[in-house]
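*Asks:* As input, take data-v6.tsv (TSV, C-alpha atoms):
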```
chain	number	residue	atom	x	y	z
A	1	MET	CA	0.00	0.00	0.00
A	2	ARG	CA	2.77	2.35	1.01
A	3	ASN	CA	4.77	1.40	-2.07
A	4	LEU	CA	1.79	2.00	-4.28
A	5	LEU	CA	1.39	5.50	-2.84
A	6	LEU	CA	5.08	6.16	-3.48
A	7	ILE	CA	4.77	5.03	-7.09
A	8	VAL	CA	1.72	7.20	-7.65
A	9	LEU	CA	3.40	10.25	-6.11
A	10	THR	CA	6.52	9.70	-8.21
A	11	LEU	CA	4.47	9.46	-11.37
A	12	VAL	CA	2.52	12.59	-10.49
A	13	SER	CA	5.68	14.60	-9.80
A	14	LEU	CA	7.28	13.34	-13.02
A	15	ASN	CA	4.23	14.50	-14.87
A	16	ALA	CA	4.51	17.97	-13.32
A	17	ALA	CA	8.09	18.26	-14.56
A	18	VAL	CA	6.98	17.98	-18.16
A	19	MET	CA	6.73	21.51	-19.54
A	20	ALA	CA	4.47	23.01	-22.14
A	21	VAL	CA	7.28	23.07	-24.70
A	22	GLU	CA	6.28	20.87	-27.62
A	23	PRO	CA	8.81	18.55	-29.30
A	24	SER	CA	8.50	20.46	-32.58
A	25	GLU	CA	9.61	23.67	-30.87
A	26	VAL	CA	12.86	22.26	-29.47
A	27	LEU	CA	16.04	23.54	-31.14
A	28	SER	CA	18.55	21.02	-32.44
A	29	ASP	CA	21.44	22.81	-30.71
A	30	PRO	CA	21.21	21.78	-27.01
A	31	ALA	CA	23.14	24.85	-25.80
A	32	LEU	CA	20.75	27.23	-27.59
A	33	GLU	CA	17.76	25.20	-26.39
A	34	ALA	CA	19.00	25.45	-22.79
A	35	ARG	CA	19.31	29.24	-23.15
A	36	ALA	CA	15.83	29.39	-24.67
A	37	ARG	CA	14.40	27.38	-21.76
A	38	HIS	CA	16.17	29.65	-19.27
A	39	ILE	CA	14.80	32.83	-20.91
A	40	SER	CA	11.29	31.36	-21.26
A	41	ALA	CA	11.18	30.49	-17.56
A	42	GLU	CA	11.75	34.17	-16.73
A	43	LEU	CA	9.05	35.57	-19.00
A	44	ARG	CA	5.46	35.89	-17.91
A	45	CYS	CA	2.68	34.48	-20.05
A	46	LEU	CA	0.38	37.44	-20.79
A	47	VAL	CA	-2.69	35.21	-20.97
A	48	CYS	CA	-2.35	33.19	-17.75
A	49	GLN	CA	-0.36	35.75	-15.87
A	50	ASN	CA	1.15	33.70	-13.06
A	51	GLN	CA	2.74	31.17	-15.38
A	52	SER	CA	5.94	31.58	-17.33
A	53	ILE	CA	5.77	31.13	-21.09
A	54	ASP	CA	7.81	27.97	-20.53
A	55	ASP	CA	4.95	26.51	-18.45
A	56	SER	CA	1.96	27.87	-20.30
A	57	ASP	CA	-0.08	26.08	-22.93
A	58	ALA	CA	-1.59	29.35	-24.19
A	59	GLN	CA	-1.16	29.96	-27.91
A	60	LEU	CA	0.46	33.34	-27.35
A	61	ALA	CA	2.99	31.72	-24.97
A	62	LYS	CA	3.84	29.19	-27.66
A	63	ASP	CA	4.38	31.95	-30.22
A	64	LEU	CA	6.56	33.85	-27.74
A	65	ARG	CA	8.63	30.69	-27.10
A	66	LEU	CA	9.14	30.31	-30.84
A	67	LEU	CA	10.08	33.99	-31.10
A	68	VAL	CA	12.69	33.57	-28.34
A	69	ARG	CA	14.19	30.60	-30.19
A	70	GLU	CA	14.11	32.34	-33.54
A	71	ARG	CA	15.98	35.33	-32.15
A	72	LEU	CA	18.57	33.13	-30.41
A	73	VAL	CA	19.19	31.29	-33.68
A	74	GLN	CA	19.73	34.67	-35.34
A	75	GLY	CA	22.57	35.21	-32.86
A	76	GLU	CA	21.03	37.55	-30.31
A	77	THR	CA	22.19	37.47	-26.70
A	78	ASP	CA	19.84	36.47	-23.85
A	79	GLU	CA	19.60	40.12	-22.81
A	80	GLN	CA	18.72	41.27	-26.35
A	81	VAL	CA	15.94	38.69	-26.60
A	82	LYS	CA	14.50	39.66	-23.21
A	83	SER	CA	14.76	43.38	-23.88
A	84	TYR	CA	12.88	42.94	-27.17
A	85	ILE	CA	9.95	41.29	-25.40
A	86	VAL	CA	10.09	43.91	-22.62
A	87	SER	CA	9.98	46.60	-25.33
A	88	ARG	CA	6.70	45.11	-26.60
A	89	TYR	CA	5.00	44.22	-23.31
A	90	GLY	CA	6.73	46.27	-20.59
A	91	GLU	CA	8.63	45.16	-17.50
A	92	PHE	CA	5.48	43.34	-16.41
A	93	VAL	CA	6.57	40.35	-18.54
A	94	LEU	CA	9.62	39.80	-16.36
A	95	LEU	CA	8.63	37.39	-13.59
A	96	LYS	CA	11.57	38.64	-11.53
A	97	PRO	CA	11.17	42.40	-11.11
A	98	PRO	CA	14.19	44.39	-12.32
A	99	PHE	CA	16.25	46.48	-9.89
A	100	ASN	CA	15.54	50.13	-10.70
A	101	SER	CA	14.16	53.33	-9.18
A	102	SER	CA	10.53	52.19	-9.39
A	103	THR	CA	11.24	48.92	-7.57
A	104	TYR	CA	13.59	50.16	-4.79
A	105	VAL	CA	10.79	49.81	-2.20
A	106	LEU	CA	10.23	46.24	-3.32
A	107	TRP	CA	13.90	45.25	-3.03
A	108	TYR	CA	14.96	47.37	-0.05
A	109	GLY	CA	11.67	47.08	1.89
A	110	PRO	CA	12.14	43.64	3.49
A	111	PRO	CA	15.75	44.19	4.76
A	112	VAL	CA	14.71	47.60	6.12
A	113	PHE	CA	11.81	46.03	8.04
A	114	VAL	CA	14.08	43.27	9.39
A	115	ALA	CA	16.57	45.94	10.54
A	116	ILE	CA	13.78	47.88	12.28
A	117	GLY	CA	12.67	44.66	14.00
A	118	ILE	CA	16.18	43.81	15.20
A	119	MET	CA	16.60	47.35	16.52
A	120	ALA	CA	13.26	47.18	18.34
A	121	VAL	CA	14.17	43.86	19.98
A	122	PHE	CA	17.57	45.24	20.98
A	123	VAL	CA	16.08	48.38	22.53
A	124	ILE	CA	13.40	46.43	24.45
A	125	PHE	CA	15.93	43.95	25.86
A	126	ARG	CA	18.32	46.71	26.95
A	127	ARG	CA	15.53	48.56	28.69
A	128	LYS	CA	14.42	45.37	30.49
A	129	ARG	CA	17.98	44.64	31.61
A	130	SER	CA	18.56	48.15	32.96
A	131	LEU	CA	15.27	47.98	34.87
A	132	SER	CA	16.11	44.63	36.48
A	133	GLY	CA	19.63	45.89	37.24
A	134	ALA	CA	18.17	48.82	39.16
A	135	ALA	CA	15.98	46.46	41.20
A	136	ALA	CA	18.90	44.19	42.13
A	137	GLY	CA	21.28	46.81	43.43
A	138	LEU	CA	20.01	48.96	46.33
A	139	SER	CA	22.14	51.81	47.49
A	140	ALA	CA	23.55	51.79	51.01
A	141	ASP	CA	20.97	54.36	52.04
A	142	GLU	CA	18.12	52.23	50.66
A	143	GLN	CA	19.51	49.12	52.42
A	144	ARG	CA	19.46	50.99	55.71
A	145	ARG	CA	15.86	52.14	55.20
A	146	LEU	CA	14.80	48.63	54.19
A	147	LYS	CA	16.45	47.19	57.27
A	148	ALA	CA	14.77	49.79	59.45
A	149	LEU	CA	11.36	48.98	57.96
A	150	LEU	CA	11.85	45.23	58.40
A	151	ASP	CA	13.11	45.66	61.95
A	152	ASP	CA	10.18	47.91	62.66
A	153	GLU	CA	7.78	45.26	61.38
A	154	THR	CA	9.31	42.39	63.42
A	155	THR	CA	9.43	44.35	66.69
A	156	SER	CA	5.84	45.52	66.63
B	1	MET	CA	4.84	59.96	27.00
B	2	THR	CA	4.70	61.30	23.45
B	3	ALA	CA	7.45	58.89	22.39
B	4	LYS	CA	5.44	56.02	23.80
B	5	ARG	CA	2.30	57.24	22.07
B	6	ILE	CA	4.14	57.33	18.73
B	7	LEU	CA	5.38	53.79	19.39
B	8	PHE	CA	1.83	52.56	19.97
B	9	LEU	CA	0.52	54.34	16.88
B	10	THR	CA	3.25	52.99	14.57
B	11	PRO	CA	1.62	49.60	13.80
B	12	GLY	CA	-1.65	51.37	13.03
B	13	ILE	CA	0.08	53.81	10.69
B	14	ILE	CA	1.97	51.02	8.91
B	15	PHE	CA	-1.25	49.03	8.58
B	16	GLY	CA	-2.99	52.11	7.15
B	17	ILE	CA	-0.29	52.63	4.49
B	18	ILE	CA	-0.32	48.95	3.48
B	19	ALA	CA	-4.14	49.00	3.40
B	20	ILE	CA	-4.09	51.96	0.99
B	21	TYR	CA	-1.62	50.17	-1.30
B	22	PHE	CA	-3.77	47.04	-1.29
B	23	ALA	CA	-6.97	49.03	-1.81
B	24	VAL	CA	-5.46	50.50	-5.00
B	25	GLY	CA	-3.55	47.41	-6.14
B	26	LEU	CA	-6.20	44.77	-5.60
B	27	THR	CA	-9.04	46.65	-7.26
B	28	LYS	CA	-7.14	47.05	-10.56
B	29	ASP	CA	-8.13	44.69	-13.34
B	30	PRO	CA	-5.02	42.58	-14.02
B	31	SER	CA	-6.12	41.90	-17.58
B	32	GLN	CA	-5.95	45.65	-18.37
B	33	LEU	CA	-2.21	45.92	-18.86
B	34	PRO	CA	-0.74	49.31	-19.56
B	35	SER	CA	0.81	49.43	-23.02
B	36	VAL	CA	4.42	50.53	-23.19
B	37	LEU	CA	3.99	51.15	-26.91
B	38	ILE	CA	1.91	54.33	-26.66
B	39	ASN	CA	3.81	57.16	-28.40
B	40	THR	CA	6.27	54.76	-30.02
B	41	PRO	CA	6.49	54.01	-33.76
B	42	VAL	CA	4.88	50.87	-35.17
B	43	GLU	CA	7.59	48.25	-35.38
B	44	GLN	CA	8.68	46.99	-38.78
B	45	PHE	CA	6.44	44.07	-39.74
B	46	GLN	CA	4.96	42.44	-42.85
B	47	LEU	CA	1.94	40.17	-42.88
B	48	ALA	CA	0.69	38.18	-45.85
B	49	ALA	CA	-2.75	38.91	-47.27
B	50	ILE	CA	-5.59	36.66	-46.20
B	51	LYS	CA	-7.22	34.52	-48.85
B	52	GLY	CA	-9.46	36.41	-51.24
B	53	ARG	CA	-7.97	39.77	-50.26
B	54	ALA	CA	-4.66	39.64	-52.11
B	55	ASN	CA	-3.53	43.01	-53.40
B	56	ALA	CA	-2.66	43.05	-57.07
B	57	ASP	CA	0.24	45.47	-56.66
B	58	ARG	CA	2.15	43.79	-53.83
B	59	ALA	CA	2.67	40.57	-51.93
B	60	TRP	CA	1.83	41.84	-48.45
B	61	GLY	CA	-1.58	42.23	-46.86
B	62	LEU	CA	-0.48	44.68	-44.18
B	63	GLU	CA	2.86	46.17	-43.23
B	64	ASN	CA	4.11	48.95	-40.97
B	65	THR	CA	4.48	51.46	-43.82
B	66	ASP	CA	0.71	51.25	-44.40
B	67	PHE	CA	0.36	53.44	-41.31
B	68	HIS	CA	2.15	56.37	-42.93
B	69	GLY	CA	0.05	59.07	-44.53
B	70	ASP	CA	-3.26	59.06	-42.67
B	71	VAL	CA	-4.49	58.48	-39.14
B	72	ALA	CA	-5.73	54.89	-39.03
B	73	LEU	CA	-7.21	52.35	-36.67
B	74	LEU	CA	-5.75	48.89	-36.26
B	75	ASN	CA	-8.11	46.17	-35.08
B	76	VAL	CA	-6.82	42.76	-33.97
B	77	PHE	CA	-9.45	40.09	-34.51
B	78	GLY	CA	-9.95	36.39	-35.17
B	79	SER	CA	-12.81	34.22	-36.34
B	80	TRP	CA	-12.41	32.24	-33.07
B	81	CYS	CA	-12.86	35.35	-30.93
B	82	ILE	CA	-16.32	35.81	-29.44
B	83	SER	CA	-15.84	39.43	-28.33
B	84	CYS	CA	-14.80	40.24	-31.91
B	85	LYS	CA	-18.24	39.12	-33.05
B	86	VAL	CA	-19.72	41.48	-30.44
B	87	GLU	CA	-17.82	44.52	-31.74
B	88	HIS	CA	-18.14	43.58	-35.41
B	89	PRO	CA	-21.47	45.38	-36.12
B	90	PHE	CA	-19.95	48.59	-34.80
B	91	LEU	CA	-16.93	48.22	-37.11
B	92	MET	CA	-19.37	47.77	-40.01
B	93	GLU	CA	-21.18	50.91	-38.90
B	94	LEU	CA	-17.85	52.80	-38.81
B	95	LYS	CA	-17.15	51.68	-42.36
B	96	ARG	CA	-20.44	53.23	-43.48
B	97	THR	CA	-20.37	56.40	-41.41
B	98	SER	CA	-16.73	57.44	-40.96
B	99	ASP	CA	-13.78	58.13	-43.22
B	100	VAL	CA	-11.17	56.73	-40.81
B	101	PRO	CA	-9.48	53.69	-42.35
B	102	VAL	CA	-9.62	50.57	-40.18
B	103	HIS	CA	-6.90	47.99	-40.83
B	104	GLY	CA	-7.18	44.47	-39.48
B	105	ILE	CA	-4.84	41.81	-38.19
B	106	ASP	CA	-6.43	38.37	-38.55
B	107	TRP	CA	-4.79	36.78	-35.54
B	108	ARG	CA	-3.99	33.09	-35.11
B	109	GLU	CA	-6.36	31.37	-37.47
B	110	GLU	CA	-5.66	27.65	-37.34
B	111	ASP	CA	-7.44	27.26	-40.65
B	112	PRO	CA	-6.35	29.89	-43.22
B	113	ASP	CA	-9.87	29.80	-44.69
B	114	ALA	CA	-11.57	30.59	-41.38
B	115	GLY	CA	-10.80	34.35	-41.34
B	116	PRO	CA	-11.89	35.03	-44.95
B	117	ALA	CA	-15.04	32.93	-44.42
B	118	TRP	CA	-15.87	34.88	-41.26
B	119	LEU	CA	-15.47	38.23	-43.07
B	120	LYS	CA	-17.62	36.98	-45.91
B	121	ARG	CA	-20.36	35.96	-43.50
B	122	GLU	CA	-20.26	38.91	-41.08
B	123	GLY	CA	-19.16	41.63	-43.50
B	124	ASP	CA	-15.71	43.08	-44.14
B	125	PRO	CA	-15.09	46.43	-42.41
B	126	TYR	CA	-11.35	46.59	-43.12
B	127	THR	CA	-9.29	48.66	-45.53
B	128	LEU	CA	-6.27	46.34	-45.35
B	129	VAL	CA	-5.99	42.96	-43.63
B	130	GLY	CA	-2.87	41.01	-42.66
B	131	ASP	CA	-2.82	37.30	-41.84
B	132	ASP	CA	-1.03	36.62	-38.57
B	133	PRO	CA	-0.94	32.86	-37.89
B	134	ASP	CA	2.18	32.96	-35.68
B	135	SER	CA	1.52	36.19	-33.72
B	136	LYS	CA	4.32	38.18	-35.42
B	137	GLY	CA	2.02	41.16	-35.95
B	138	ALA	CA	0.30	40.75	-32.59
B	139	ILE	CA	3.62	40.73	-30.73
B	140	ALA	CA	4.79	43.80	-32.68
B	141	PHE	CA	1.80	45.63	-31.18
B	142	GLY	CA	2.15	44.03	-27.73
B	143	VAL	CA	-1.25	42.37	-28.08
B	144	THR	CA	-2.31	40.05	-25.25
B	145	GLY	CA	-5.81	39.13	-26.37
B	146	ALA	CA	-8.38	39.85	-29.05
B	147	PRO	CA	-10.01	42.19	-29.75
B	148	GLU	CA	-7.64	45.09	-29.32
B	149	THR	CA	-7.83	48.35	-31.22
B	150	PHE	CA	-5.05	50.87	-31.75
B	151	VAL	CA	-5.03	54.43	-33.07
B	152	VAL	CA	-1.93	55.15	-35.17
B	153	ASP	CA	-1.15	58.69	-36.31
B	154	ARG	CA	-0.07	59.71	-39.83
B	155	ASN	CA	3.60	59.25	-38.95
B	156	GLY	CA	3.09	55.68	-37.84
B	157	ILE	CA	3.20	56.45	-34.09
B	158	ILE	CA	0.86	54.42	-31.85
B	159	ARG	CA	-1.30	56.89	-29.88
B	160	TYR	CA	-4.00	54.87	-28.20
B	161	LYS	CA	-4.87	51.32	-27.28
B	162	HIS	CA	-8.24	49.89	-26.39
B	163	VAL	CA	-8.54	46.38	-24.97
B	164	GLY	CA	-11.85	44.61	-25.51
B	165	PRO	CA	-14.74	45.17	-27.89
B	166	LEU	CA	-15.03	48.59	-29.48
B	167	ASN	CA	-18.34	50.39	-29.06
B	168	ARG	CA	-19.96	53.74	-29.78
B	169	ASP	CA	-19.22	55.08	-26.29
B	170	ILE	CA	-15.46	54.60	-26.66
B	171	TRP	CA	-15.55	55.86	-30.23
B	172	VAL	CA	-17.45	59.06	-29.38
B	173	ASN	CA	-15.64	59.85	-26.14
B	174	ALA	CA	-12.07	58.73	-26.79
B	175	ILE	CA	-11.15	57.60	-30.27
B	176	TYR	CA	-12.93	60.06	-32.57
B	177	PRO	CA	-11.78	63.19	-30.67
B	178	LEU	CA	-8.24	61.79	-30.72
B	179	VAL	CA	-8.39	61.06	-34.46
B	180	GLN	CA	-9.61	64.61	-35.11
B	181	SER	CA	-6.84	66.19	-33.07
B	182	LEU	CA	-4.22	63.96	-34.71
B	183	ARG	CA	-5.50	64.90	-38.16
B	184	ALA	CA	-5.38	68.58	-37.27
B	185	GLN	CA	-1.70	68.35	-36.35
```
Translate the structure described by the file into structure tokens.

*Replies:*
Amino acid sequence: MRNLLLIVLTLVSLNAAVMAVEPSEVLSDPALEARARHISAELRCLVCQNQSIDDSDAQLAKDLRLLVRERLVQGETDEQVKSYIVSRYGEFVLLKPPFNSSTYVLWYGPPVFVAIGIMAVFVIFRRKRSLSGAAAGLSADEQRRLKALLDDETTS
Amino acid sequence: MTAKRILFLTPGIIFGIIAIYFAVGLTKDPSQLPSVLINTPVEQFQLAAIKGRANADRAWGLENTDFHGDVALLNVFGSWCISCKVEHPFLMELKRTSDVPVHGIDWREEDPDAGPAWLKREGDPYTLVGDDPDSKGAIAFGVTGAPETFVVDRNGIIRYKHVGPLNRDIWVNAIYPLVQSLRAQ
């Protein structure tokens, strides 16, 4: 039973690894094909927006995959191919947002918030420690008054 | 005291700012993508003529240079596209009532006869039509779905993009005033 489950899960995960790229699209040069796959994985499908064109079965995604391959065959660099598609569809097609002035908040935001959190924790702990330190050490004058109070209590 | 008050208010303020961002971001329609091609020239492209619409004087059905000379509309359609059928009567009306040329890109027909047959059945509102089976023309215009309609000025610069079916409201309020001002330039 357990083995059967394992087999089923393995088959299912194998199935998921098969991409939308059709055999007829694949380039004969494996190095170019690898570059094409890498670029396709970074480009958003405009029809089903949370998939890359490498994953998507949409017709437009297929045509974009073919366009990527065609341009690579013509000798363009990865950056040239990507920048052409960005020039047509905007930076929205890049699944990984680029690092520029309009995305500074996106990239710097999380580390800034982590830094604020660390600072807050640090400040709170220091304050706690200084408070407990004050409670532990009584001055000589305070010790005398405490003793007097306690003595007073026990005698009466 | 005031420092403490600020400290207590901070989470509320941060929440408020994030809430405003979400309120704006989540109510946008993600299918309405802004076009980066507005105010840029039409890219060089050449599309073959669809069947039955071959031009005697040249091999191409539609190419980028066709947008030089007069302000024109470009409509991306397909016989498979249901919204295109919705907007089609209005395109026919434009053909009868306006002097603005409407060019068409017949996008992604699996059967090369399907587009011509559709135009024969529904009527042909287009001045020039290019056949675009592999999205070359559609990608040149940054098209994500059909129908889309563009306004291109007499110098071949894209000035306006409308996603979805064209109708009289958009024509009267947005496209026609734009065409007039572009022609006056």

*Asks:* What are the residues of chain B that have an atom within 9 Å of an atom of chain A, counting all atoms listed in the file, as number ranges by chain?

*Replies:* B: 30-31, 33-37, 108, 134-136, 139-145

*Asks:* Find the spatial neighbours of range 76-89 of chain B, counting only C-alpha atoms, within a cut-off of 8 Å - ignore same-chain residues fewer than 3 positions away - and output them as a PyMOL selection string.

*Replies:* chain B and resi 92-93+104-109+114-115+118+122+138+146-149+164-167

*Asks:* Report, in Å to a single decimal, how far apart CA of Leu91 in chain B and CA of Val172 in chain B are.

*Replies:*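 Separation between CA of Val172 in chain B and CA of Leu91 in chain B: 13.3 Å.
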
*Asks:* Between CA of Glu76 in chain A and CA of Leu43 in chain A, what is the distance in Å, rounded to a tenth?

*Replies:*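 Here the two named atoms are 16.6 Å from each other.
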
*Asks:* Using all atoms listed in the file, find the one residue out of A:Asn50, A:Gln74, A:Ser139, A:Ser24 that sits nearest to Leu94 in chain A.

*Replies:*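 Between A:Asn50, A:Gln74, A:Ser139, A:Ser24, the residue approaching Leu94 in chain A most closely is A:Asn50.
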
*Asks:* How far is it from CA of Leu32 in chain A to CA of Gly75 in chain A, in Å with one decimal?

*Replies:*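 So the answer is 9.7 Å.
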
*Asks:* How big is the axis-aligned box around the listed atoms of range 101-114 of chain B once 5 Å is added on each side, and where is its centre? Give both in Å to one decimal, as AutoDock Vina command-line options.

*Replies:*
```
--center_x -7.8 --center_y 40.5 --center_z -39.9 --size_x 17.6 --size_y 36.4 --size_z 19.6
```
